[in-house]
Every structure is written in structure tokens, then in C-alpha cells.
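Enquirer: Sharing my_file16.pdb, PDB, C-alpha atoms:
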ATOM      1  CA  MET L   1      98.808  45.755  18.144  1.00  0.00           C
ATOM      2  CA  LEU L   2     101.886  43.596  18.658  1.00  0.00           C
ATOM      3  CA  THR L   3     101.653  40.026  19.863  1.00  0.00           C
ATOM      4  CA  ALA L   4     103.938  38.573  22.515  1.00  0.00           C
ATOM      5  CA  LYS L   5     105.941  36.871  19.764  1.00  0.00           C
ATOM      6  CA  MET L   6     106.340  40.182  17.959  1.00  0.00           C
ATOM      7  CA  HIS L   7     107.550  41.897  21.145  1.00  0.00           C
ATOM      8  CA  LYS L   8     110.064  39.108  21.709  1.00  0.00           C
ATOM      9  CA  ALA L   9     111.251  39.300  18.097  1.00  0.00           C
ATOM     10  CA  ALA L  10     111.668  43.069  18.347  1.00  0.00           C
ATOM     11  CA  TYR L  11     113.677  42.665  21.538  1.00  0.00           C
ATOM     12  CA  LEU L  12     115.929  40.022  19.972  1.00  0.00           C
ATOM     13  CA  LEU L  13     116.454  42.164  16.879  1.00  0.00           C
ATOM     14  CA  TYR L  14     117.217  45.177  19.058  1.00  0.00           C
ATOM     15  CA  GLN L  15     119.939  43.205  20.855  1.00  0.00           C
ATOM     16  CA  ASP L  16     121.556  42.644  17.441  1.00  0.00           C
ATOM     17  CA  GLU L  17     123.158  39.332  18.436  1.00  0.00           C
ATOM     18  CA  LEU L  18     121.174  36.933  16.243  1.00  0.00           C
ATOM     19  CA  THR L  19     120.504  36.726  12.541  1.00  0.00           C
ATOM     20  CA  ASP L  20     116.955  37.228  11.312  1.00  0.00           C
ATOM     21  CA  GLU L  21     116.732  33.474  10.713  1.00  0.00           C
ATOM     22  CA  GLN L  22     117.776  32.756  14.317  1.00  0.00           C
ATOM     23  CA  VAL L  23     115.290  35.316  15.657  1.00  0.00           C
ATOM     24  CA  ALA L  24     112.481  33.769  13.610  1.00  0.00           C
ATOM     25  CA  LYS L  25     113.353  30.303  14.904  1.00  0.00           C
ATOM     26  CA  GLU L  26     113.576  31.572  18.500  1.00  0.00           C
ATOM     27  CA  VAL L  27     110.058  33.027  18.397  1.00  0.00           C
ATOM     28  CA  GLY L  28     108.615  30.133  16.388  1.00  0.00           C
ATOM     29  CA  VAL L  29     107.824  31.807  13.066  1.00  0.00           C
ATOM     30  CA  SER L  30     109.178  31.595   9.558  1.00  0.00           C
ATOM     31  CA  ARG L  31     111.812  33.973   8.245  1.00  0.00           C
ATOM     32  CA  LYS L  32     109.196  35.327   5.823  1.00  0.00           C
ATOM     33  CA  THR L  33     106.815  36.127   8.717  1.00  0.00           C
ATOM     34  CA  LEU L  34     109.570  37.996  10.520  1.00  0.00           C
ATOM     35  CA  SER L  35     110.269  39.916   7.335  1.00  0.00           C
ATOM     36  CA  LEU L  36     106.594  40.882   7.100  1.00  0.00           C
ATOM     37  CA  TRP L  37     106.583  41.990  10.745  1.00  0.00           C
ATOM     38  CA  LYS L  38     109.600  44.206  10.113  1.00  0.00           C
ATOM     39  CA  GLN L  39     107.605  46.053   7.457  1.00  0.00           C
ATOM     40  CA  LYS L  40     104.799  46.924   9.884  1.00  0.00           C
ATOM     41  CA  PRO L  41     104.989  50.481  11.246  1.00  0.00           C
ATOM     42  CA  GLU L  42     104.058  49.365  14.776  1.00  0.00           C
ATOM     43  CA  PHE L  43     106.914  46.835  14.774  1.00  0.00           C
ATOM     44  CA  ALA L  44     109.363  49.518  13.612  1.00  0.00           C
ATOM     45  CA  ASP L  45     107.989  51.823  16.307  1.00  0.00           C
ATOM     46  CA  GLU L  46     108.680  49.130  18.917  1.00  0.00           C
ATOM     47  CA  LEU L  47     112.307  48.887  17.804  1.00  0.00           C
ATOM     48  CA  THR L  48     112.656  52.681  17.786  1.00  0.00           C
ATOM     49  CA  GLY L  49     111.128  52.873  21.263  1.00  0.00           C
ATOM     50  CA  MET L  50     113.634  50.340  22.590  1.00  0.00           C
ATOM     51  CA  SER L  51     116.483  52.348  21.146  1.00  0.00           C
ATOM     52  CA  THR L  52     115.144  55.589  22.618  1.00  0.00           C
ATOM     53  CA  LYS L  53     114.702  54.032  26.070  1.00  0.00           C
ATOM     54  CA  GLN L  54     118.253  52.653  25.969  1.00  0.00           C
ATOM     55  CA  ARG L  55     119.661  56.078  25.053  1.00  0.00           C
ATOM     56  CA  GLU L  56     117.682  57.682  27.885  1.00  0.00           C
ATOM     57  CA  ARG L  57     119.002  55.124  30.387  1.00  0.00           C
ATOM     58  CA  ALA L  58     122.562  55.648  29.174  1.00  0.00           C
ATOM     59  CA  TYR L  59     122.179  59.434  29.444  1.00  0.00           C
ATOM     60  CA  THR L  60     120.866  59.091  32.993  1.00  0.00           C
ATOM     61  CA  VAL L  61     123.853  56.952  34.003  1.00  0.00           C
ATOM     62  CA  LEU L  62     126.297  59.374  32.402  1.00  0.00           C
ATOM     63  CA  GLU L  63     124.604  62.377  33.944  1.00  0.00           C
ATOM     64  CA  SER L  64     124.569  60.855  37.429  1.00  0.00           C
ATOM     65  CA  ASN L  65     128.291  60.064  37.214  1.00  0.00           C
ATOM     66  CA  SER L  66     129.518  63.220  35.508  1.00  0.00           C
ATOM     67  CA  GLU L  67     130.487  64.945  38.757  1.00  0.00           C
ATOM     68  CA  LEU L  68     132.539  61.927  39.819  1.00  0.00           C
ATOM     69  CA  ALA L  69     134.271  61.867  36.426  1.00  0.00           C
ATOM     70  CA  ALA L  70     135.028  65.585  36.586  1.00  0.00           C
ATOM     71  CA  ASN L  71     136.378  65.268  40.133  1.00  0.00           C
ATOM     72  CA  THR L  72     138.570  62.360  39.041  1.00  0.00           C
ATOM     73  CA  LEU L  73     139.970  64.426  36.176  1.00  0.00           C
ATOM     74  CA  VAL L  74     140.637  67.337  38.534  1.00  0.00           C
ATOM     75  CA  GLU L  75     142.430  65.004  40.961  1.00  0.00           C
ATOM     76  CA  LEU L  76     144.521  63.508  38.140  1.00  0.00           C
ATOM     77  CA  ALA L  77     145.343  66.978  36.861  1.00  0.00           C
ATOM     78  CA  ARG L  78     146.565  67.941  40.330  1.00  0.00           C
ATOM     79  CA  THR L  79     148.466  64.833  41.382  1.00  0.00           C
ATOM     80  CA  GLY L  80     149.220  62.556  38.410  1.00  0.00           C
ATOM     81  CA  ALA L  81     152.479  62.078  36.587  1.00  0.00           C
ATOM     82  CA  ASP L  82     153.335  64.886  34.164  1.00  0.00           C
ATOM     83  CA  HIS L  83     151.828  63.225  31.098  1.00  0.00           C
ATOM     84  CA  VAL L  84     148.684  62.260  33.061  1.00  0.00           C
ATOM     85  CA  ARG L  85     148.289  65.808  34.412  1.00  0.00           C
ATOM     86  CA  LEU L  86     148.650  67.202  30.898  1.00  0.00           C
ATOM     87  CA  LYS L  87     146.062  64.840  29.394  1.00  0.00           C
ATOM     88  CA  ALA L  88     143.608  65.372  32.267  1.00  0.00           C
ATOM     89  CA  SER L  89     144.034  69.133  32.024  1.00  0.00           C
ATOM     90  CA  LEU L  90     143.457  69.126  28.288  1.00  0.00           C
ATOM     91  CA  GLU L  91     140.337  67.014  28.721  1.00  0.00           C
ATOM     92  CA  LEU L  92     139.003  69.388  31.383  1.00  0.00           C
ATOM     93  CA  LEU L  93     139.682  72.326  29.116  1.00  0.00           C
ATOM     94  CA  ARG L  94     137.951  70.583  26.222  1.00  0.00           C
ATOM     95  CA  MET L  95     134.936  69.790  28.394  1.00  0.00           C
ATOM     96  CA  THR L  96     134.628  73.402  29.466  1.00  0.00           C
ATOM     97  CA  ARG L  97     135.203  74.564  25.888  1.00  0.00           C
ATOM     98  CA  VAL L  98     138.395  76.477  26.673  1.00  0.00           C
ATOM     99  CA  ASP L  99     140.216  76.593  23.346  1.00  0.00           C
ATOM    100  CA  VAL L 100     143.918  75.786  23.500  1.00  0.00           C
ATOM    101  CA  PRO L 101     145.329  75.380  19.967  1.00  0.00           C
ATOM    102  CA  ALA L 102     147.358  72.172  19.637  1.00  0.00           C
ATOM    103  CA  ASN L 103     150.414  74.031  18.360  1.00  0.00           C
ATOM    104  CA  GLU L 104     150.400  76.187  21.508  1.00  0.00           C
ATOM    105  CA  VAL L 105     150.093  73.415  24.093  1.00  0.00           C
ATOM    106  CA  ARG L 106     152.936  73.801  26.522  1.00  0.00           C
ATOM    107  CA  ASP L 107     153.086  72.998  30.175  1.00  0.00           C
ATOM    108  CA  ASP L 108     152.797  76.697  31.087  1.00  0.00           C
ATOM    109  CA  THR L 109     149.818  77.284  28.737  1.00  0.00           C
ATOM    110  CA  VAL L 110     147.913  74.361  30.174  1.00  0.00           C
ATOM    111  CA  GLY L 111     148.987  75.222  33.696  1.00  0.00           C
ATOM    112  CA  ILE L 112     147.661  78.779  33.443  1.00  0.00           C
ATOM    113  CA  ALA L 113     144.395  77.681  31.854  1.00  0.00           C
ATOM    114  CA  PHE L 114     144.013  74.866  34.376  1.00  0.00           C
ATOM    115  CA  SER L 115     144.593  77.261  37.275  1.00  0.00           C
ATOM    116  CA  GLN L 116     141.851  79.505  35.906  1.00  0.00           C
ATOM    117  CA  LEU L 117     139.555  76.499  35.583  1.00  0.00           C
ATOM    118  CA  ILE L 118     140.195  75.362  39.149  1.00  0.00           C
ATOM    119  CA  LYS L 119     139.514  78.876  40.459  1.00  0.00           C
ATOM    120  CA  SER L 120     136.217  78.986  38.545  1.00  0.00           C
ATOM    121  CA  LEU L 121     135.191  75.584  39.964  1.00  0.00           C
ATOM    122  CA  GLN L 122     135.891  76.681  43.552  1.00  0.00           C
ATOM    123  CA  VAL L 123     133.532  79.633  43.383  1.00  0.00           C
TER     124      VAL L 123
END
Kindly return the structure encoded in the file as C-alpha cells.
Expert:
Amino acid sequence: MLTAKMHKAAYLLYQDELTDEQVAKEVGVSRKTLSLWKQKPEFADELTGMSTKQRERAYTVLESNSELAANTLVELARTGADHVRLKASLELLRMTRVDVPANEVRDDTVGIAFSQLIKSLQV
């Protein structure tokens, strides 16, 4: 069972902004005590749990904004300057796993593939 000081230390370590010595001082323990805590499986589990929760939150944010990002890329591919349209089109193709070899990238290749992509999205 972790104490409040151990939870705080785990949180500070997770943030990765302080040295171990600074973390120990912040929670009011010696550097050696912090080192001993770090060897405890439950302390390691706390750090792992924090990392897992952060990844899950990040995934949720990305997932909830993916449609907006895709729509932005589609809009850029339709209306941007030539180099912007090309980059946006290539990114859309990459995201949908349409393989366009780099040595074959020409405006007409991307344009044809992009047209096919847009048609598939409108269905």
C-alpha cells in the first residue's frame, strides 16, 4: 500500500521535471528512501499506471479530433496552394494506406489517387 508521500513522489517522477534528489526533498524524505521506494513493485506499478492513463487520455483526444483533422486535410488538398495540396494529398493517401511510390509521385498520380479517395469518402 502506498502512502500519500509515495503517491506524490510517483507523480513527480512521472512528470520527469525534477531530479530524484529534488523529488525526495519535495516529499520530505531522503534520496535513499526514494531509491528504496522505486524498488518496490507497487511503486513501479503506480508509475506504470500513470503512464497508461496518460496514453489512454491522449488516444481519446486524438480519436475525438481525427475527423476534424481528416476534414482539414481534405480541405487543404482541395483548395491550398499547389505544394500544400500535394502534401495534404500524400498524407491522406498515407493515412488510408494507398501506396504511391516516391519515385512515381507526380501531380497527375496524386490527383488521380486523391480523386478516388474523395469519391470513396463521399459514399
Enquirer: What does the distance from CA of Leu34 in chain L to CA of Gln54 in chain L come to in Å, to one decimal?
Expert: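 Computing the Euclidean distance for CA of Leu34 in chain L and CA of Gln54 in chain L yields 23.0 Å.
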Enquirer: What does the PyMOL selection byres ((chain L and resi 40-51) around 9) select in this file, as a list in words?
Expert: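 So the PyMOL selection byres ((chain L and resi 40-51) around 9), applied here, picks out Met1, Leu2, Met6, His7, Ala10, Tyr11, Leu13, Tyr14, Leu36, Trp37, Lys38, Gln39, Thr52, Lys53, Gln54, Arg55 and Glu56 of chain L.
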Enquirer: Just to be explicit: take each residue in the selection above, keep C-alpha atoms, and write the result as a compact mmCIF listing (two decimals), in the coordinates of the input.
Expert:
# COMPACT_ATOMS: atom_id res chain seq x y z
CA MET L 1 98.81 45.76 18.14
CA LEU L 2 101.89 43.60 18.66
CA MET L 6 106.34 40.18 17.96
CA HIS L 7 107.55 41.90 21.14
CA ALA L 10 111.67 43.07 18.35
CA TYR L 11 113.68 42.66 21.54
CA LEU L 13 116.45 42.16 16.88
CA TYR L 14 117.22 45.18 19.06
CA LEU L 36 106.59 40.88 7.10
CA TRP L 37 106.58 41.99 10.74
CA LYS L 38 109.60 44.21 10.11
CA GLN L 39 107.60 46.05 7.46
CA THR L 52 115.14 55.59 22.62
CA LYS L 53 114.70 54.03 26.07
CA GLN L 54 118.25 52.65 25.97
CA ARG L 55 119.66 56.08 25.05
CA GLU L 56 117.68 57.68 27.88
Enquirer: So how many Å separate CA of Thr60 in chain L and CA of Ala77 in chain L, to one decimal?
Expert: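 Separation between CA of Thr60 in chain L and CA of Ala77 in chain L: 26.0 Å.
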Enquirer: Mind pulling up the distance from CA of Ser64 in chain L to CA of Val84 in chain L?
Expert: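 The value is 24.5 Å.
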Enquirer: Could you tell me which residues the PyMOL selection byres ((chain L and resi 65-70) around 12) grabs in this file, written as a PyMOL selection string?
Expert: chain L and resi 58-64+71-77+88-89+91-96+117-118+121
Enquirer: As a check of understanding, name the residues that the PyMOL selection byres ((chain L and resi 27) around 12) selects in the supplied structure, as JSON, numbers by chain.
Expert: {"L": [3, 4, 5, 6, 7, 8, 9, 10, 11, 12, 13, 18, 20, 21, 22, 23, 24, 25, 26, 28, 29, 30, 31, 33, 34]}
